[in-house]
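Each remark here refers to the structure printed beneath this line.
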Amino acid sequence: MNWFEKHLNWTWIFGLLAFYLFQVVVGFGYGYVNSSSVANMTQTELDTLGYGIWLLAIIAVYVPITAWVLRKKGRSLAWILLSGFFFLPLWIGNKRQSIVTQGTSAQGNFCYNCGTRLNAGMTFCPNCGRKLA
């Protein structure tokens, strides 16, 4: 019996770290190799690329490591589905921030919280009341 089999909980934690490291390495690797095409991408295309890398990391790293740990613990592989709920609040929070961001475009400024169009010099959003940076 090796260290990973003796310490299954730590093995799973290291698997999560490998999951995030995989995303970083693949993301930076793709950006380095295709730097000219990444520079010309819209925010939507970058988000789609990010979700693709995230899905690849789940399939290549997270699911196999989690499945191995669950088998060693004698648990059903259905626990993989339940373990995803741990990440759901993080994903929803990040998704909400990436949907509407404050910024300048050809149409003007928009509230990063609700997406309402803003006039120059406003300190609070007239729709949601959020303080603007």
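Chains: A, B, ... in order of the structure tokens. Residues: from 1 per chain. Ligands: from 1, in order shown.
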With only C-alpha atoms as the counted atoms, please give the residues lying no more than 9 Å from A:Leu70, apart from itself and same-chain residues fewer than 5 positions off, as a ChimeraX atom specification. /A:8,65,75-77,79-80
Can you tell me how far atom CA of A:Ile58 sits from atom CA of A:Ala39, in Å to one decimal? 25.9 Å
Env of stretch 21-24 of chain A: 7 Å cut, atoms = only C-alpha atoms, seq-sep filter 3 positions within chain, self excluded. Answer as a PyMOL selection string. chain A and resi 17-18+27-28+53-54+57
Just the residues within 8 Å of stretch 124-128 of chain A, please, counting only C-alpha atoms, with nothing from its chain fewer than 3 positions along; format it as a PyMOL selection string. chain A and resi 111+113-114+116+118+131-132
Selected residues, C-alpha atoms, written as a compact mmCIF listing (two decimals), in the first residue's frame, please.
```
# COMPACT_ATOMS: atom_id res chain seq x y z
CA CYS A 111 -23.26 48.92 -14.53
CA ASN A 113 -24.05 44.61 -11.39
CA CYS A 114 -27.23 44.95 -13.46
CA THR A 116 -27.93 49.41 -16.94
CA LEU A 118 -24.73 54.82 -17.32
CA LYS A 131 -21.78 52.15 -6.01
CA LEU A 132 -19.67 52.46 -9.14
```
